[in-house]
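These notes concern the structure reproduced below.
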Amino acid sequence: MFLWIVYWMSGTSKAVYEADILNWFVLPSNLSTLASRPWTIFTYMFMHVEPMHLIGNVLWLWAFGYILQDLSGPRKIIPLFIYGGLAGGVFYVISYNLIPVLAGVAPFSHLLGASAGVMAIAIATTALAPGYRIFPMINGGIPLWVLTLIFVVLDFAMITGSNTGGHLAHLAGAATGFIFVHQLRRGRDWSAWMNRFFDWVNNLFNPDKRSWKKTAKDELHYKSKGTPPYKKIPNITQKRIDEILDKINQQGYRFLTEEEKEILKRASEDEEL
């Protein structure tokens, strides 16, 4: 919108602005146009034209992302958003080129917005904890599954409206979120390779990043006259604690074993002493 204001103030038509700027980032349904702009399958999910469209997606992302982070750790949100956005874009292009009623408008249609990725996060959160309640002031809270079911049904019902491509992308994102959690429960974490790539990029220009070198002895040894030279923590090492904290960061506290929870509890009690 800021760029469009510059064009508008210079007296340039919106069609020129769209041809110069917008159309290079939104996802076209026309295959020949898409072939010349393949990056739009990724950029479209970050593009918004109307401010309220952006605000709505950000609020949904905050609401469901906060819960998902609490349930499974913070390293699932970005990969899941990307998966949902890609699935929504692919399904949108396929639908507009295979469904007869949409094929006629395919040369003139495009998709933009984060809704498909946000929907993937919403459905994944609901699949992880369908009974999680929000708005507790309303009769004890509304279960997540009720809220997401309403929106999925509305997406189905509104496919024939003015935003057909958007609703189709939402449904593809929803399916992606459900499959993501299903695979996670079977021990297949689709976010692992992407997070490893993110870590590699983060460390690419930081080859001297300090690795873990401390030991329990280094952490607990202190010098003081008339006091013991060390503090004993049986069967607990700093490396083990760091590994458990990394697991919480990546997967969430609920994925810890009873032994790991006991180690954290004992370490916490010793530090308080």
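Here's how to read the names in the structure tokens: chain A, B, ... by the order shown, residue numbers from 1 in each chain, ligand numbers from 1 in the order shown.
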Which of stretch 62-199 of chain A end up as helix (DSSP H, G or I) when DSSP is run on this backbone - answer as a CSV table (one decimal) with C-alpha atoms, in the first residue's frame?
```csv
chain,number,residue,atom,x,y,z
A,62,TRP,CA,-0.7,-15.1,17.2
A,63,ALA,CA,-3.6,-16.9,18.7
A,64,PHE,CA,-3.0,-20.4,17.4
A,65,GLY,CA,0.8,-20.0,17.2
A,66,TYR,CA,1.0,-19.2,20.9
A,67,ILE,CA,-0.9,-22.4,21.7
A,68,LEU,CA,1.1,-24.5,19.3
A,69,GLN,CA,4.4,-23.2,20.7
A,70,ASP,CA,3.2,-24.1,24.2
A,71,LEU,CA,2.3,-27.6,23.1
A,72,SER,CA,5.2,-28.5,20.8
A,77,ILE,CA,5.6,-22.8,13.6
A,78,ILE,CA,7.7,-21.5,10.7
A,79,PRO,CA,8.1,-24.8,8.8
A,80,LEU,CA,4.3,-25.5,9.3
A,81,PHE,CA,3.4,-22.1,7.9
A,82,ILE,CA,5.6,-22.6,4.9
A,83,TYR,CA,4.2,-26.1,4.3
A,84,GLY,CA,0.7,-24.8,4.5
A,85,GLY,CA,1.4,-21.9,2.2
A,86,LEU,CA,3.0,-24.1,-0.4
A,87,ALA,CA,0.2,-26.6,-0.3
A,88,GLY,CA,-2.4,-23.9,-0.6
A,89,GLY,CA,-0.6,-22.4,-3.6
A,90,VAL,CA,-0.2,-25.7,-5.4
A,91,PHE,CA,-3.8,-26.7,-4.8
A,92,TYR,CA,-4.9,-23.2,-6.0
A,93,VAL,CA,-3.0,-23.5,-9.3
A,94,ILE,CA,-4.2,-27.1,-9.9
A,95,SER,CA,-7.8,-26.2,-9.2
A,96,TYR,CA,-7.8,-23.2,-11.6
A,97,ASN,CA,-6.4,-25.3,-14.4
A,98,LEU,CA,-8.5,-28.5,-14.0
A,100,PRO,CA,-13.9,-26.3,-15.8
A,101,VAL,CA,-15.8,-23.5,-14.1
A,102,LEU,CA,-12.5,-21.9,-13.0
A,103,ALA,CA,-10.4,-22.6,-16.1
A,106,ALA,CA,-7.4,-18.7,-14.7
A,107,PRO,CA,-5.5,-16.3,-17.0
A,108,PHE,CA,-6.7,-13.3,-14.9
A,115,SER,CA,-4.2,-17.5,5.2
A,116,ALA,CA,-3.3,-21.0,4.0
A,117,GLY,CA,-0.2,-21.1,6.2
A,118,VAL,CA,-2.1,-19.7,9.2
A,119,MET,CA,-4.9,-22.3,8.6
A,120,ALA,CA,-2.2,-25.1,8.7
A,121,ILE,CA,-1.1,-23.8,12.1
A,122,ALA,CA,-4.7,-23.6,13.3
A,123,ILE,CA,-5.6,-27.1,12.3
A,124,ALA,CA,-2.3,-28.5,13.6
A,125,THR,CA,-2.9,-26.9,16.9
A,126,THR,CA,-6.4,-28.3,17.1
A,127,ALA,CA,-5.3,-31.8,16.1
A,128,LEU,CA,-2.7,-31.7,18.9
A,144,LEU,CA,-10.6,-25.4,19.8
A,145,TRP,CA,-12.2,-28.1,17.6
A,146,VAL,CA,-15.5,-26.2,17.7
A,147,LEU,CA,-13.9,-23.0,16.5
A,148,THR,CA,-11.8,-24.5,13.7
A,149,LEU,CA,-14.7,-26.7,12.6
A,150,ILE,CA,-16.8,-23.6,12.1
A,151,PHE,CA,-14.2,-22.0,9.9
A,152,VAL,CA,-13.5,-25.1,7.8
A,153,VAL,CA,-17.3,-25.4,7.2
A,154,LEU,CA,-17.5,-21.8,6.2
A,155,ASP,CA,-14.6,-22.2,3.8
A,156,PHE,CA,-16.5,-25.1,2.1
A,157,ALA,CA,-19.7,-23.0,2.0
A,164,THR,CA,-12.9,-19.0,-4.5
A,165,GLY,CA,-9.1,-19.4,-4.8
A,166,GLY,CA,-8.5,-18.2,-1.3
A,167,HIS,CA,-11.0,-20.7,0.2
A,168,LEU,CA,-9.5,-23.5,-1.8
A,169,ALA,CA,-6.0,-22.6,-0.5
A,170,HIS,CA,-7.4,-22.5,3.1
A,171,LEU,CA,-8.7,-26.0,2.8
A,172,ALA,CA,-5.3,-27.3,1.4
A,173,GLY,CA,-3.6,-25.6,4.3
A,174,ALA,CA,-6.0,-27.2,6.7
A,175,ALA,CA,-5.3,-30.6,5.3
A,176,THR,CA,-1.5,-30.0,5.5
A,177,GLY,CA,-1.8,-29.1,9.2
A,178,PHE,CA,-3.7,-32.3,10.0
A,179,ILE,CA,-1.2,-34.5,8.0
A,180,PHE,CA,1.7,-32.7,9.7
A,181,VAL,CA,0.5,-33.7,13.2
A,182,HIS,CA,-0.4,-37.2,12.0
A,183,GLN,CA,3.1,-37.7,10.8
A,184,LEU,CA,4.6,-36.2,14.0
A,185,ARG,CA,2.7,-38.7,16.1
A,192,ALA,CA,13.4,-31.3,11.3
A,193,TRP,CA,15.2,-30.8,8.0
A,194,MET,CA,14.0,-27.3,7.6
A,195,ASN,CA,15.1,-26.3,11.1
A,196,ARG,CA,18.5,-27.9,10.4
A,197,PHE,CA,18.8,-25.8,7.3
A,198,PHE,CA,17.8,-22.6,9.3
A,199,ASP,CA,20.5,-23.4,11.8
```
Which residues come within 6 Å of A:Met47, counting only C-alpha atoms, excluding same-chain residues fewer than 2 positions away, as a short mmCIF file (atom, residue, chain, number, x, y, z; two decimals) with N, CA, C and O atoms, in the first residue's frame?
```cif
data_model
loop_
_atom_site.label_atom_id
_atom_site.label_comp_id
_atom_site.auth_asym_id
_atom_site.auth_seq_id
_atom_site.Cartn_x
_atom_site.Cartn_y
_atom_site.Cartn_z
N TYR A 44 4.00 -15.25 -2.45
CA TYR A 44 2.59 -14.84 -2.35
C TYR A 44 2.08 -14.92 -0.91
O TYR A 44 1.20 -14.13 -0.51
N MET A 45 2.62 -15.87 -0.12
CA MET A 45 2.10 -16.07 1.23
C MET A 45 2.53 -14.97 2.19
O MET A 45 2.09 -14.94 3.35
N LEU A 112 -2.91 -14.27 -3.08
CA LEU A 112 -1.98 -13.63 -2.17
C LEU A 112 -2.52 -13.75 -0.75
O LEU A 112 -3.71 -13.94 -0.54
N GLY A 113 -1.63 -13.66 0.22
CA GLY A 113 -2.04 -13.69 1.62
C GLY A 113 -1.51 -14.90 2.37
O GLY A 113 -1.18 -15.93 1.78
#
```
Q | Long-range neighbours of A:Arg37 as an MDAnalysis selection string, 9 Å cut-off, only C-alpha atoms, 3 positions minimum in chain | A | chainID A and resid 24:25 27:28 32:34 40:41
Take the residues from that selection and write them out as a short mmCIF file (atom, residue, chain, number, x, y, z; two decimals), in the first residue's frame, keeping C-alpha atoms.
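Just written: part-v5.cif:
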```
data_model
loop_
_atom_site.label_atom_id
_atom_site.label_comp_id
_atom_site.auth_asym_id
_atom_site.auth_seq_id
_atom_site.Cartn_x
_atom_site.Cartn_y
_atom_site.Cartn_z
CA TRP A 24 5.77 -10.01 -9.52
CA PHE A 25 5.01 -11.26 -6.00
CA LEU A 27 0.81 -16.24 -7.35
CA PRO A 28 -0.75 -16.40 -10.84
CA SER A 32 2.77 -19.80 -18.54
CA THR A 33 2.94 -16.75 -16.30
CA LEU A 34 3.88 -18.92 -13.32
CA THR A 40 5.74 -16.46 -6.48
CA ILE A 41 4.76 -19.88 -5.06
#
```
Q: From a DSSP calculation on the backbone, collect every residue of stretch 15-255 of chain A in strand (DSSP E) and output the set as a count of residues only.
A: 8
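Among the candidate residues A:Val16, A:Ile99, A:Leu54, A:Val201, the one lying nearest to A:Trp4 is A:Val16, with distances computed using only C-alpha atoms.
In this model, the gap between atom CA of A:Gly56 and atom CA of A:Lys14 comes to 24.3 Å.
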Q: Could you please determine the separation between atom CA of A:Pro130 and atom CA of A:Ile142 in Å, to one decimal place?
A: 10.3 Å
Q. For the atom pair atom CA of A:Trp200 and atom CA of A:Leu264, what is the interatomic distance in Å to one decimal place?
A.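 Spanning atom CA of A:Trp200 to atom CA of A:Leu264 is a straight-line distance of 28.7 Å.
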Q. In terms of the shortest atom-to-atom distance over only C-alpha atoms, which of A:Glu260, A:His110, A:Phe255, A:Gly161 is closest to A:Glu243?
A.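 Closest to A:Glu243, using only C-alpha atoms: A:Glu260.
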Q | Distance criterion (only C-alpha atoms): nearest to A:Asn163 out of A:Leu111, A:Glu18, A:Ile134, A:Met9 | A |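 Among the listed residues, A:Leu111 lies closest to A:Asn163.
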